[in-house]
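Student: My structure file query_23.txt, compact mmCIF, C-alpha atoms, is below:
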```
# COMPACT_ATOMS: atom_id res chain seq x y z
CA MET E 1029 183.63 131.58 276.77
CA ASN E 1030 182.11 135.04 276.85
CA ASN E 1031 181.48 137.83 274.36
CA ILE E 1032 182.91 136.25 271.22
CA ILE E 1033 182.02 137.28 267.67
CA CYS E 1034 183.09 135.11 264.76
CA GLU E 1035 182.60 136.40 261.21
CA ASN E 1036 183.08 135.13 257.66
CA GLN E 1037 184.24 131.57 258.45
CA LYS E 1038 183.27 128.12 257.25
CA LEU E 1039 182.64 127.10 260.89
CA SER E 1040 182.45 129.72 263.59
CA PHE E 1041 182.34 127.64 266.81
CA TYR E 1042 183.32 123.99 267.34
CA ILE E 1043 182.46 123.09 270.92
CA HIS E 1044 183.41 119.69 272.37
CA GLY E 1045 183.68 118.61 275.99
CA ARG E 1046 182.06 118.92 279.37
CA ASP E 1047 181.45 121.58 282.01
CA ILE E 1048 181.42 124.34 279.40
CA ILE E 1049 179.85 127.68 280.25
CA GLY E 1050 179.44 130.39 277.66
CA GLU E 1051 177.50 133.57 277.11
CA ASN E 1052 177.02 136.05 274.29
CA LEU E 1053 178.45 134.00 271.41
CA TYR E 1054 177.71 135.37 267.93
CA ALA E 1055 178.25 133.69 264.54
CA LYS E 1056 177.89 136.10 261.65
CA ASN E 1057 178.15 135.44 257.88
CA CYS E 1058 179.43 131.88 258.33
CA GLU E 1059 178.60 128.66 256.51
CA ALA E 1060 177.99 126.92 259.87
CA GLY E 1061 177.45 128.71 263.15
CA PHE E 1062 177.75 126.32 266.09
CA TYR E 1063 178.85 122.68 266.00
CA PHE E 1064 178.32 120.78 269.27
CA VAL E 1065 179.96 117.37 269.74
CA ASN E 1066 179.75 115.19 272.86
CA ILE E 1067 178.67 118.02 275.13
CA ARG E 1068 177.97 117.14 278.78
CA ASN E 1069 177.03 119.18 281.85
CA SER E 1070 177.22 122.49 279.99
CA LYS E 1071 175.22 125.67 279.55
CA LEU E 1072 175.44 128.28 276.79
CA THR E 1073 173.32 131.45 276.85
CA LYS E 1074 172.76 134.25 274.34
CA ILE E 1075 173.70 132.19 271.28
CA MET E 1076 173.19 134.32 268.17
CA THR E 1077 173.50 133.65 264.45
CA ASP E 1078 173.04 135.89 261.43
CA ASN E 1079 173.34 134.91 257.80
CA THR E 1080 174.53 131.34 258.44
CA ASP E 1081 173.55 128.37 256.26
CA ILE E 1082 173.57 125.92 259.19
CA PRO E 1083 172.97 127.90 262.41
CA ILE E 1084 173.28 125.12 265.02
CA TYR E 1085 174.40 121.54 264.40
CA ALA E 1086 174.79 118.90 267.09
CA ILE E 1087 176.13 115.38 266.89
CA SER E 1088 175.85 112.36 269.10
CA THR E 1089 175.92 112.16 272.84
CA ILE E 1090 174.65 115.45 274.20
CA ASN E 1091 173.60 115.09 277.82
CA ASN E 1092 172.65 117.57 280.49
CA PHE E 1093 173.16 120.45 278.08
CA THR E 1094 171.19 123.71 278.02
CA VAL E 1095 171.43 126.18 275.16
CA GLU E 1096 169.61 129.51 274.87
CA ILE E 1097 168.97 130.54 271.27
CA GLU E 1098 166.87 133.08 269.45
CA GLN E 1099 163.46 132.02 268.22
CA SER E 1100 163.22 130.86 264.59
CA THR E 1101 166.78 129.49 264.68
CA LYS E 1102 167.14 126.05 263.11
CA PHE E 1103 168.68 123.33 265.26
CA TYR E 1104 170.02 120.20 263.53
CA LEU E 1105 170.72 116.99 265.44
CA VAL E 1106 172.51 114.02 263.90
CA ASP E 1107 172.91 110.69 265.68
CA TYR E 1108 174.59 107.90 263.76
CA PHE E 1109 173.05 105.23 266.02
CA ALA E 1110 169.48 106.34 265.31
CA THR E 1111 167.29 104.77 262.63
CA TYR E 1112 164.18 105.91 260.82
CA LEU E 1113 162.01 104.26 263.46
CA ASP E 1114 163.54 106.31 266.30
CA LYS E 1115 161.90 109.58 267.27
CA LEU E 1116 163.32 112.66 268.93
CA TYR E 1117 160.99 113.32 271.86
CA VAL E 1118 160.25 117.02 272.59
CA GLU E 1119 158.55 118.21 275.73
CA THR E 1120 157.36 121.78 276.34
CA SER E 1121 155.43 123.32 279.20
CA GLY E 1122 152.09 122.67 277.53
CA SER E 1123 152.61 119.66 275.29
CA SER E 1124 154.94 117.02 273.94
CA TYR E 1125 155.58 115.65 270.47
CA ASN E 1126 157.99 113.55 268.44
CA ILE E 1127 160.21 114.60 265.55
CA SER E 1128 160.88 111.98 262.91
CA MET E 1129 164.26 111.51 261.30
CA SER E 1130 164.53 112.98 257.83
CA TYR E 1131 167.11 113.74 255.18
CA ILE E 1132 168.81 117.07 255.94
CA SER E 1133 169.75 118.49 252.56
CA GLU E 1134 171.99 121.19 254.11
CA LEU E 1135 174.14 118.50 255.74
CA GLY E 1136 173.69 115.72 253.20
CA ILE E 1137 172.81 113.16 255.91
CA GLN E 1138 169.91 111.86 257.98
CA GLY E 1139 168.95 113.65 261.18
CA TYR E 1140 166.41 115.72 263.07
CA VAL E 1141 165.55 119.34 262.36
CA SER E 1142 163.87 121.67 264.85
CA GLN E 1143 162.94 125.30 264.57
CA PHE E 1144 161.40 127.20 267.46
CA ASN E 1145 159.03 129.88 266.22
CA ASP E 1146 157.68 130.41 269.73
CA THR E 1147 159.58 131.39 272.83
CA GLY E 1148 159.76 128.82 275.58
CA THR E 1149 161.70 125.90 276.99
CA TYR E 1150 161.99 122.68 275.01
CA ARG E 1151 163.39 119.47 276.50
CA PHE E 1152 164.73 116.91 274.03
CA SER E 1153 165.56 113.25 274.44
CA LEU E 1154 166.57 110.60 271.94
CA THR E 1155 166.71 106.99 273.02
CA VAL E 1156 167.89 104.37 270.55
CA PRO E 1157 167.68 100.62 271.06
CA PRO E 1158 168.68 99.02 273.33
CA ASP E 1159 167.49 101.87 275.57
CA MET E 1160 170.64 103.94 275.11
CA ILE E 1161 170.07 107.67 275.66
CA THR E 1162 172.16 109.43 273.05
CA ALA E 1163 170.74 112.91 273.46
CA ASN E 1164 169.21 114.65 276.44
CA PHE E 1165 169.27 118.45 276.27
CA THR E 1166 167.23 121.62 276.73
CA VAL E 1167 166.73 124.46 274.26
CA ILE E 1168 165.45 127.80 275.53
CA SER E 1169 163.98 129.87 272.71
CA VAL E 1170 163.99 133.63 273.38
CA PRO E 1171 163.21 136.77 271.35
CA ARG E 1172 165.96 138.23 269.16
CA TYR E 1173 168.80 139.87 271.10
CA ALA E 1174 170.35 143.25 270.42
CA ARG E 1175 173.52 142.60 268.46
CA THR E 1176 176.90 143.15 270.08
CA ASP E 1177 178.38 144.78 266.99
CA VAL E 1178 175.77 147.53 267.02
CA SER E 1179 177.05 150.46 269.03
CA ASP E 1180 174.93 151.65 271.89
CA ILE E 1181 175.84 155.31 271.50
CA ILE E 1182 173.32 158.08 271.80
CA PRO E 1183 171.67 158.74 268.44
CA GLY E 1184 173.11 161.91 266.93
CA TYR E 1185 176.22 161.82 269.14
CA PRO E 1186 178.64 162.00 266.15
CA LEU E 1187 176.54 164.85 264.78
CA PHE E 1188 177.14 166.72 268.04
CA TRP E 1189 180.89 166.74 267.31
CA VAL E 1190 180.38 167.91 263.72
CA TRP E 1191 178.22 170.84 264.87
CA SER E 1192 180.62 171.62 267.72
CA VAL E 1193 183.61 171.83 265.36
CA LEU E 1194 181.56 173.87 262.90
CA MET E 1195 180.45 176.34 265.61
CA ILE E 1196 183.99 176.67 266.98
CA GLY E 1197 185.19 177.39 263.43
CA VAL E 1198 182.52 180.07 262.98
CA LEU E 1199 183.42 181.65 266.34
CA ILE E 1200 187.13 181.70 265.45
CA CYS E 1201 186.33 183.35 262.10
CA ILE E 1202 184.16 186.00 263.79
CA GLU E 1203 186.81 186.73 266.43
CA SER E 1204 189.60 187.01 263.86
CA TYR E 1205 187.39 189.30 261.73
CA ARG E 1206 186.77 191.52 264.76
CA LYS E 1207 190.50 191.70 265.58
CA VAL E 1208 191.42 192.68 262.00
CA HIS E 1209 188.83 195.52 261.89
CA ARG E 1210 189.60 196.89 265.38
CA ARG E 1211 192.95 198.30 264.38
```
What is this file in structure tokens?
Tutor:
Amino acid sequence: MNNIICENQKLSFYIHGRDIIGENLYAKNCEAGFYFVNIRNSKLTKIMTDNTDIPIYAISTINNFTVEIEQSTKFYLVDYFATYLDKLYVETSGSSYNISMSYISELGIQGYVSQFNDTGTYRFSLTVPPDMITANFTVISVPRYARTDVSDIIPGYPLFWVWSVLMIGVLICIESYRKVHRR
């Protein structure tokens, strides 16, 4: 999946399966941006959301999955096997910490919420008794991307055409005036 923009939907992207590769996916003005279910051996880069209530939502077994998102994007993880005693383990280059399960009011269920205000690589793992790994994935937080719906034209380019048409009109008027008065 490459270069896809989804606008004004309840759910922009529902991604389920394995060996998925995607780049430059953009959810705009949607209730939910990305919904990942049972993702394995996959990599998504340049994931963008604007004006979405639930930017990224993942459920259940997510293993060997890497997703590149913009910093300050919320990432929700729900695992129905997890309990309040289970912790989502997060490892970064400089430290590691646990995220406790909490009630996610946006989803109306229990889960884990992460938001990456700093850029960097975050490795997540969730192991629920009896030592069953239900989530093992990596989030790469990067600065905000330039949006694909913003044209990359030269500033003032449309103005060039307006002035060109105006100047051609003036030149035609001058030439016709000269022809009328030459006779």
Student: Between atom CA of Ile1127 of chain E and atom CA of Asn1069 of chain E, what is the spacing in Å?
Tutor: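 Atom CA of Ile1127 of chain E lies at a distance of 23.9 Å from atom CA of Asn1069 of chain E.
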Student: Set the distance at 6 Å and use all atoms listed in the file: which residues neighbour Gln1143 of chain E once local chain neighbours fewer than 3 positions away are removed? I'd like the list as a list in words.
Tutor: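 That gives Ser1100, Thr1101 and Lys1102 of chain E.
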Student: Deliver the residues from the most recent selection as a file, using C-alpha atoms, as a CSV table (one decimal), keeping the file's coordinate frame.
Tutor:
```
chain,number,residue,atom,x,y,z
E,1100,SER,CA,163.2,130.9,264.6
E,1101,THR,CA,166.8,129.5,264.7
E,1102,LYS,CA,167.1,126.0,263.1
```
Student: Considering all atoms listed in the file, state which residue in the set E:Met1076, E:Ile1168, E:Ile1067, E:Ile1048 is at the smallest distance from Glu1035 of chain E.
Tutor: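 For Glu1035 of chain E, the nearest of the candidates is E:Met1076.
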Student: Show me, as a list in words, the residues that have an atom within 7 Å of segment 1163-1167 of chain E when counting only C-alpha atoms, minus same-chain residues fewer than 5 positions from it.
Tutor: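 The contact residues come out as Ser1088, Thr1089, Ile1090, Asn1091, Asn1092, Phe1093, Thr1094, Val1095, Glu1096, Thr1149, Tyr1150, Arg1151, Phe1152, Ser1153 and Leu1154 of chain E.
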Student: Here is a test: counting all atoms listed in the file, which residue of E:Met1029, E:Phe1062, E:Pro1083, E:Pro1157 is nearest to Gly1050 of chain E?
Tutor: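 Going through E:Met1029, E:Phe1062, E:Pro1083, E:Pro1157 one by one, the smallest distance to Gly1050 of chain E is for E:Met1029.
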Student: Counting all atoms listed in the file, what is within 6 Å of segment 1110-1113 of chain E, bar same-chain residues fewer than 3 positions away, as a PyMOL selection string?
Tutor: chain E and resi 1107+1129+1156
Student: Using all atoms listed in the file, which residue out of E:Lys1038, E:Ser1070, E:Thr1162, E:Tyr1085 lies closest to Phe1109 of chain E?
Tutor: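 Of E:Lys1038, E:Ser1070, E:Thr1162, E:Tyr1085, the one nearest Phe1109 of chain E, counting all atoms listed in the file, is E:Thr1162.
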Student: As an exercise, work out the distance from atom CA of Asp1146 of chain E to atom CA of Gln1099 of chain E in Å and give it to one decimal place.
Tutor: 6.2 Å
Student: Could you give me, as a tab-separated table (two decimals) with C-alpha atoms, in the frame of the given file, the residues within 8 Å of Val1106 of chain E, counting all atoms listed in the file and dropping anything in the same chain fewer than 4 positions from it?
Tutor:
```
chain	number	residue	atom	x	y	z
E	1085	TYR	CA	174.40	121.54	264.40
E	1086	ALA	CA	174.79	118.90	267.09
E	1087	ILE	CA	176.13	115.38	266.89
E	1088	SER	CA	175.85	112.36	269.10
E	1138	GLN	CA	169.91	111.86	257.98
E	1139	GLY	CA	168.95	113.65	261.18
E	1140	TYR	CA	166.41	115.72	263.07
```
Student: Would you mind reading off the distance between atom CA of Tyr1063 of chain E and atom CA of Asp1047 of chain E, one decimal, in Å?
Tutor: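 Calculated distance between atom CA of Tyr1063 of chain E and atom CA of Asp1047 of chain E is 16.3 Å.
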Student: For segment 1092-1107 of chain E, what centre and edge lengths in Å (one decimal) does the axis-aligned box get once 6 Å is added on each side of all its listed atoms, as AutoDock Vina command-line options?
Tutor:
```
--center_x 168.2 --center_y 121.9 --center_z 271.8 --size_x 21.9 --size_y 34.4 --size_z 29.4
```
Student: Between E:Ser1121, E:Tyr1054, E:Ser1130, E:Val1065, which has the minimum distance to Tyr1173 of chain E (counting only C-alpha atoms)?
Tutor: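 Of E:Ser1121, E:Tyr1054, E:Ser1130, E:Val1065, the one nearest Tyr1173 of chain E is E:Tyr1054, counting only C-alpha atoms.
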Student: Could you tell me which of E:Ile1084, E:Arg1172, E:Asp1114, E:Ser1124 comes closest to Pro1158 of chain E if we count only C-alpha atoms?
Tutor: E:Asp1114
Student: Which one of E:Leu1072, E:Cys1201, E:Val1193, E:Ala1055 sits closest to Asn1030 of chain E if you count all atoms listed in the file?
Tutor: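 Ranked by minimum distance to Asn1030 of chain E, first place goes to E:Leu1072.
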Student: Find the residues with any atom within 12 Å of (180.8, 125.9, 255.3); use all atoms listed in the file and the coordinates as given in the file, and write the answer as a list in words.
Tutor: Asn1036, Gln1037, Lys1038, Leu1039, Ser1040, Phe1041, Asn1057, Cys1058, Glu1059, Ala1060, Gly1061, Phe1062, Tyr1063, Asn1079, Thr1080, Asp1081, Ile1082, Pro1083, Tyr1085, Glu1134 and Leu1135 of chain E
